[in-house]
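Pasted below: work-v7.cif, mmCIF, C-alpha atoms.
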```cif
data_data
loop_
_atom_site.label_atom_id
_atom_site.label_comp_id
_atom_site.auth_asym_id
_atom_site.auth_seq_id
_atom_site.Cartn_x
_atom_site.Cartn_y
_atom_site.Cartn_z
CA MET A 1266 7.28 11.70 -29.53
CA SER A 1267 8.93 15.08 -29.71
CA GLY A 1268 11.18 14.45 -26.72
CA SER A 1269 8.35 13.21 -24.53
CA HIS A 1270 9.79 9.77 -23.76
CA TYR A 1271 9.36 9.86 -20.00
CA PHE A 1272 9.56 6.07 -19.80
CA THR A 1273 10.32 3.14 -22.11
CA SER A 1274 7.87 3.28 -25.00
CA ASP A 1275 8.01 -0.38 -26.05
CA PRO A 1276 9.20 -2.71 -23.26
CA ASP A 1277 11.28 -5.65 -24.46
CA ALA A 1278 10.67 -7.67 -21.30
CA VAL A 1279 8.72 -10.87 -21.92
CA SER A 1280 5.11 -10.40 -20.86
CA GLU A 1281 4.31 -12.02 -17.53
CA ARG A 1282 1.01 -10.75 -16.26
CA ARG A 1283 0.10 -11.09 -12.61
CA GLU A 1284 -2.66 -9.93 -10.31
CA ILE A 1285 -2.09 -7.66 -7.32
CA THR A 1286 -4.41 -6.19 -4.72
CA VAL A 1287 -4.19 -2.48 -3.95
CA THR A 1288 -5.75 -1.79 -0.56
CA LEU A 1289 -6.34 1.81 0.50
CA PRO A 1290 -8.33 3.13 3.46
CA ASP A 1291 -11.36 3.84 1.27
CA ILE A 1292 -11.06 1.41 -1.61
CA THR A 1293 -9.63 -1.94 -2.71
CA LEU A 1294 -8.65 -2.59 -6.31
CA GLU A 1295 -7.73 -5.87 -7.99
CA LEU A 1296 -5.29 -4.93 -10.75
CA THR A 1297 -3.35 -6.73 -13.46
CA THR A 1298 0.33 -5.80 -13.87
CA ASP A 1299 3.06 -7.03 -16.16
CA ALA A 1300 6.79 -7.06 -16.73
CA GLY A 1301 8.15 -3.85 -18.21
CA VAL A 1302 5.97 -1.48 -16.21
CA PHE A 1303 6.77 0.53 -13.10
CA SER A 1304 6.44 -1.26 -9.74
CA ARG A 1305 4.59 -4.25 -11.12
CA GLY A 1306 4.86 -6.39 -7.98
CA LYS A 1307 3.17 -4.07 -5.53
CA LEU A 1308 1.92 -0.53 -5.11
CA ASP A 1309 4.94 1.77 -5.06
CA PRO A 1310 5.44 3.42 -1.62
CA GLY A 1311 5.43 6.92 -3.10
CA THR A 1312 2.24 6.21 -5.02
CA ARG A 1313 0.64 4.94 -1.81
CA VAL A 1314 1.59 8.15 0.01
CA LEU A 1315 0.08 10.19 -2.82
CA LEU A 1316 -3.18 8.21 -2.85
CA GLU A 1317 -3.56 8.22 0.92
CA HIS A 1318 -2.48 11.78 1.72
CA ALA A 1319 -2.95 14.07 -1.30
CA PRO A 1320 -6.00 16.36 -1.14
CA PRO A 1321 -8.98 15.71 -3.40
CA PRO A 1322 -9.33 17.84 -6.52
CA ARG A 1323 -9.66 21.55 -5.70
CA VAL A 1324 -11.85 22.23 -8.73
CA ARG A 1325 -14.05 20.26 -11.07
CA GLY A 1326 -12.67 19.04 -14.34
CA PRO A 1327 -10.85 16.11 -15.91
CA ILE A 1328 -8.18 14.42 -13.78
CA LEU A 1329 -4.80 13.45 -15.22
CA ASP A 1330 -2.62 10.59 -14.00
CA LEU A 1331 0.73 11.55 -15.53
CA GLY A 1332 2.96 8.51 -16.04
CA CYS A 1333 0.09 6.18 -15.25
CA GLY A 1334 1.77 2.78 -15.52
CA TYR A 1335 -0.82 0.04 -15.01
CA GLY A 1336 -3.11 2.63 -13.50
CA PRO A 1337 -3.30 2.68 -9.69
CA ILE A 1338 -3.63 6.47 -9.51
CA ALA A 1339 -6.03 6.82 -12.44
CA LEU A 1340 -8.20 3.92 -11.28
CA THR A 1341 -8.32 5.12 -7.69
CA TRP A 1342 -9.50 8.57 -8.71
CA ALA A 1343 -11.90 7.13 -11.30
CA SER A 1344 -13.44 5.10 -8.47
CA ARG A 1345 -13.56 8.08 -6.12
CA ARG A 1346 -14.90 10.48 -8.76
CA LYS A 1347 -17.08 8.41 -11.05
CA ARG A 1348 -18.58 11.48 -12.71
CA SER A 1349 -15.17 12.88 -13.64
CA ALA A 1350 -13.20 12.01 -16.75
CA VAL A 1351 -9.84 10.52 -15.79
CA TRP A 1352 -6.95 10.39 -18.24
CA GLY A 1353 -3.98 8.06 -17.82
CA VAL A 1354 -1.01 9.20 -19.89
CA ASP A 1355 2.16 7.20 -20.49
CA VAL A 1356 4.57 6.51 -23.34
CA ASN A 1357 4.74 2.84 -22.35
CA SER A 1358 2.37 1.00 -24.69
CA ARG A 1359 2.13 -2.00 -22.37
CA ALA A 1360 1.16 0.26 -19.47
CA LEU A 1361 -1.66 1.79 -21.50
CA GLU A 1362 -2.94 -1.66 -22.45
CA LEU A 1363 -2.95 -2.62 -18.76
CA LEU A 1364 -4.76 0.55 -17.72
CA THR A 1365 -7.45 -0.08 -20.34
CA HIS A 1366 -7.77 -3.72 -19.23
CA ASN A 1367 -7.99 -2.79 -15.57
CA ALA A 1368 -10.57 -0.08 -16.18
CA GLN A 1369 -12.73 -2.53 -18.09
CA SER A 1370 -12.36 -5.17 -15.35
CA LEU A 1371 -13.43 -2.63 -12.74
CA LYS A 1372 -16.27 -1.37 -14.97
CA LEU A 1373 -14.91 2.17 -14.85
CA GLY A 1374 -16.12 3.82 -18.02
CA ASN A 1375 -14.68 7.22 -17.12
CA VAL A 1376 -11.03 6.24 -17.79
CA GLN A 1377 -9.14 7.08 -20.97
CA ALA A 1378 -5.62 5.75 -21.64
CA ALA A 1379 -3.53 7.80 -24.05
CA LEU A 1380 -0.08 8.51 -25.36
CA PRO A 1381 1.04 12.07 -24.53
CA ASP A 1382 0.60 13.32 -28.08
CA ASP A 1383 -2.90 11.80 -28.33
CA VAL A 1384 -4.48 13.94 -25.61
CA PRO A 1385 -6.64 16.51 -27.45
CA GLN A 1386 -5.29 20.03 -27.13
CA ASP A 1387 -8.63 21.35 -25.89
CA VAL A 1388 -8.63 19.10 -22.79
CA VAL A 1389 -7.91 21.23 -19.72
CA PHE A 1390 -7.29 19.38 -16.47
CA GLY A 1391 -8.72 20.37 -13.14
CA SER A 1392 -6.19 18.20 -11.34
CA ILE A 1393 -2.99 16.27 -12.03
CA TYR A 1394 -1.78 13.47 -9.78
CA SER A 1395 1.65 12.03 -10.46
CA ASN A 1396 4.54 10.04 -9.06
CA PRO A 1397 6.96 11.53 -11.61
CA PRO A 1398 10.08 9.70 -12.83
CA ILE A 1399 12.70 11.77 -11.02
CA ARG A 1400 15.47 9.32 -11.94
CA VAL A 1401 15.19 10.08 -15.67
CA GLY A 1402 17.05 13.34 -15.08
CA LYS A 1403 16.35 17.04 -14.84
CA ALA A 1404 15.98 17.79 -18.54
CA VAL A 1405 13.20 15.26 -19.05
CA MET A 1406 11.48 16.17 -15.79
CA HIS A 1407 11.57 19.86 -16.60
CA GLU A 1408 10.10 19.32 -20.06
CA MET A 1409 7.41 17.12 -18.54
CA MET A 1410 6.39 19.77 -16.02
CA HIS A 1411 6.34 22.62 -18.56
CA ARG A 1412 4.24 20.56 -20.94
CA TRP A 1413 1.58 19.36 -18.52
CA LEU A 1414 1.31 22.17 -15.98
CA ALA A 1415 0.37 24.32 -18.95
CA ARG A 1416 -2.71 22.09 -19.35
CA LEU A 1417 -4.08 22.90 -15.88
CA ALA A 1418 -7.22 24.95 -15.45
CA PRO A 1419 -6.52 28.42 -13.98
CA GLU A 1420 -7.54 27.28 -10.48
CA GLY A 1421 -6.29 23.72 -10.90
CA SER A 1422 -3.52 21.93 -9.03
CA ALA A 1423 -0.91 19.28 -9.70
CA PHE A 1424 -0.12 16.98 -6.78
CA LEU A 1425 3.32 15.45 -7.16
CA VAL A 1426 4.95 12.94 -4.82
CA VAL A 1427 8.76 13.07 -4.68
CA GLN A 1428 11.15 11.32 -2.34
CA ARG A 1429 13.02 13.75 -0.12
CA ASN A 1430 16.34 12.01 -0.77
CA LEU A 1431 15.83 12.35 -4.53
CA GLY A 1432 15.65 16.12 -4.41
CA ALA A 1433 12.06 16.98 -3.56
CA ASP A 1434 13.01 20.32 -2.02
CA SER A 1435 15.19 21.43 -4.92
CA PHE A 1436 12.47 20.32 -7.34
CA MET A 1437 9.95 22.46 -5.46
CA GLN A 1438 12.35 25.40 -5.66
CA TRP A 1439 12.78 24.90 -9.40
CA LEU A 1440 9.01 24.89 -9.92
CA ASN A 1441 8.69 28.14 -8.00
CA ASP A 1442 11.60 29.67 -9.92
CA GLN A 1443 9.82 28.78 -13.18
CA GLY A 1444 6.71 30.65 -12.07
CA TYR A 1445 4.59 27.72 -10.89
CA PRO A 1446 3.49 28.54 -7.32
CA THR A 1447 4.40 25.37 -5.42
CA THR A 1448 4.04 24.41 -1.77
CA ARG A 1449 4.60 21.31 0.29
CA VAL A 1450 1.29 19.73 1.29
CA THR A 1451 2.76 17.15 3.64
CA SER A 1452 5.73 14.86 4.26
CA VAL A 1453 5.17 11.16 4.97
CA ASN A 1454 7.76 8.38 5.29
CA GLY A 1455 10.43 10.37 3.48
CA PHE A 1456 8.15 11.48 0.64
CA ARG A 1457 6.97 15.02 -0.03
CA ILE A 1458 3.64 15.80 -1.63
CA LEU A 1459 3.97 19.03 -3.57
CA GLU A 1460 1.10 21.11 -4.90
CA ALA A 1461 1.99 23.06 -8.05
CA ARG A 1462 -0.32 25.67 -9.55
CA PRO A 1463 -0.31 27.04 -13.10
CA ARG A 1464 1.72 30.05 -14.08
CA THR A 1465 -0.10 33.35 -13.79
CA ASP A 1466 1.97 35.29 -16.33
CA GLY A 1467 0.38 33.78 -19.43
CA ALA A 1468 3.63 32.12 -20.52
CA GLY A 1469 3.25 29.05 -22.68
CA PRO A 1470 4.64 25.55 -22.13
CA ASP A 1471 7.82 26.29 -24.08
CA SER A 1472 9.04 28.83 -21.55
CA GLY A 1473 12.14 27.76 -19.74
CA ARG A 1474 12.72 24.55 -21.68
CA GLY A 1475 16.28 23.43 -21.85
CA THR A 1476 17.09 24.56 -18.32
CA SER A 1477 18.61 22.03 -15.98
#
```
Could you express the structure from this file as structure tokens?
Amino acid sequence: MSGSHYFTSDPDAVSERREITVTLPDITLELTTDAGVFSRGKLDPGTRVLLEHAPPPRVRGPILDLGCGYGPIALTWASRRKRSAVWGVDVNSRALELLTHNAQSLKLGNVQAALPDDVPQDVVFGSIYSNPPIRVGKAVMHEMMHRWLARLAPEGSAFLVVQRNLGADSFMQWLNDQGYPTTRVTSVNGFRILEARPRTDGAGPDSGRGTS
């Protein structure tokens, strides 16, 4: 995957599907989860903060759920924006199967599950929403940001939720240092929601890779 293994690509945990209910102020989703995917037992607290407090898309265009897992972010935005294409990207094959299953169960035809390398190069995202895997380390996180922020539309935004105790402020500083204008949207229950904008200098996604 050209270094794009943000998560486990082929979970070895024995499959054990279960149903959970995701209840948000504006929507309730019945979702199937499984062993070997992120936060399978309940909606992750950071993801909840992102879904309840992040702004809606600033511009029109496809929406990306980066590191989609079983799909709570992608499916929430697909429900809120039924005329928008929503992509869920993950390297975890089981997660992508779950996202596809859940989208079909919810009759959301605007959801596309894909491996990172299978997203067509001509797809430009109006918005990215992500609870990124901070614990995988700086090198992987930095590659992930360079790769996908380069896919934002010129006026697009990426909304990223990061726990304060896991380095949200230093991560925001790194994004700014790399040329991605980034601000803190809000702070809720120890989580920061950051809004990162695309670079304005025309640099490609390979710029700055390898930094830590």
List the spatial neighbours of Ala1339 of chain A as a PDB file with C-alpha atoms, in the coordinates of the input - criterion: any atom at most 7 Å away, all atoms listed in the file, same-chain residues fewer than 5 positions off excluded.
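Output file result.pdb follows:
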```pdb
ATOM      1  CA  ASP A1330      -2.620  10.590 -14.000  1.00  0.00           C
ATOM      2  CA  CYS A1333       0.090   6.180 -15.250  1.00  0.00           C
ATOM      3  CA  VAL A1351      -9.840  10.520 -15.790  1.00  0.00           C
ATOM      4  CA  TRP A1352      -6.950  10.390 -18.240  1.00  0.00           C
ATOM      5  CA  GLY A1353      -3.980   8.060 -17.820  1.00  0.00           C
TER       6      GLY A1353
END
```
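Run against this file, the PyMOL selection byres ((chain A and resi 1292) around 12) gives back Thr1286, Val1287, Thr1288, Leu1289, Pro1290, Asp1291, Thr1293, Leu1294, Glu1295, Leu1316, Glu1317, Pro1337, Ile1338, Leu1340, Thr1341, Trp1342, Ala1343, Ser1344 and Arg1345 of chain A.
With all atoms listed in the file as the atoms that count, the residue of A:Pro1327, A:Gly1311, A:Gly1301, A:Gly1444 with the shortest distance to Ile1399 of chain A is A:Gly1311.
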Let me know the residues the PyMOL selection byres ((chain A and resi 1307) around 9) catches in the file above, as a ChimeraX atom specification. /A:1285-1287,1298,1304-1306,1308-1310
Just C-alpha atoms for this one: save the residues we selected as a tab-separated table (two decimals), in the frame of the given file.
```tsv
chain	number	residue	atom	x	y	z
A	1285	ILE	CA	-2.09	-7.66	-7.32
A	1286	THR	CA	-4.41	-6.19	-4.72
A	1287	VAL	CA	-4.19	-2.48	-3.95
A	1298	THR	CA	0.33	-5.80	-13.87
A	1304	SER	CA	6.44	-1.26	-9.74
A	1305	ARG	CA	4.59	-4.25	-11.12
A	1306	GLY	CA	4.86	-6.39	-7.98
A	1308	LEU	CA	1.92	-0.53	-5.11
A	1309	ASP	CA	4.94	1.77	-5.06
A	1310	PRO	CA	5.44	3.42	-1.62
```
Hey, could you make a per-residue contact list for segment 1299-1411 of chain A against segment 1445-1450 of chain A with 10 Å as the cut-off, showing the nearest pair of atoms and its distance in Å to one decimal, counting all atoms listed in the file, sorted by chain and number, as a Markdown table?
```
| residue | atom | partner | partner_atom | distance |
| --- | --- | --- | --- | --- |
| A:His1318 | CA | A:Val1450 | CA | 8.8 |
| A:Ala1319 | CA | A:Val1450 | CA | 7.5 |
| A:Pro1320 | CA | A:Val1450 | CA | 8.4 |
| A:Met1410 | CA | A:Tyr1445 | CA | 9.6 |
| A:His1411 | CA | A:Tyr1445 | CA | 9.4 |
```
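The space between atom CA of Phe1456 of chain A and atom CA of Arg1313 of chain A spans 10.3 Å.
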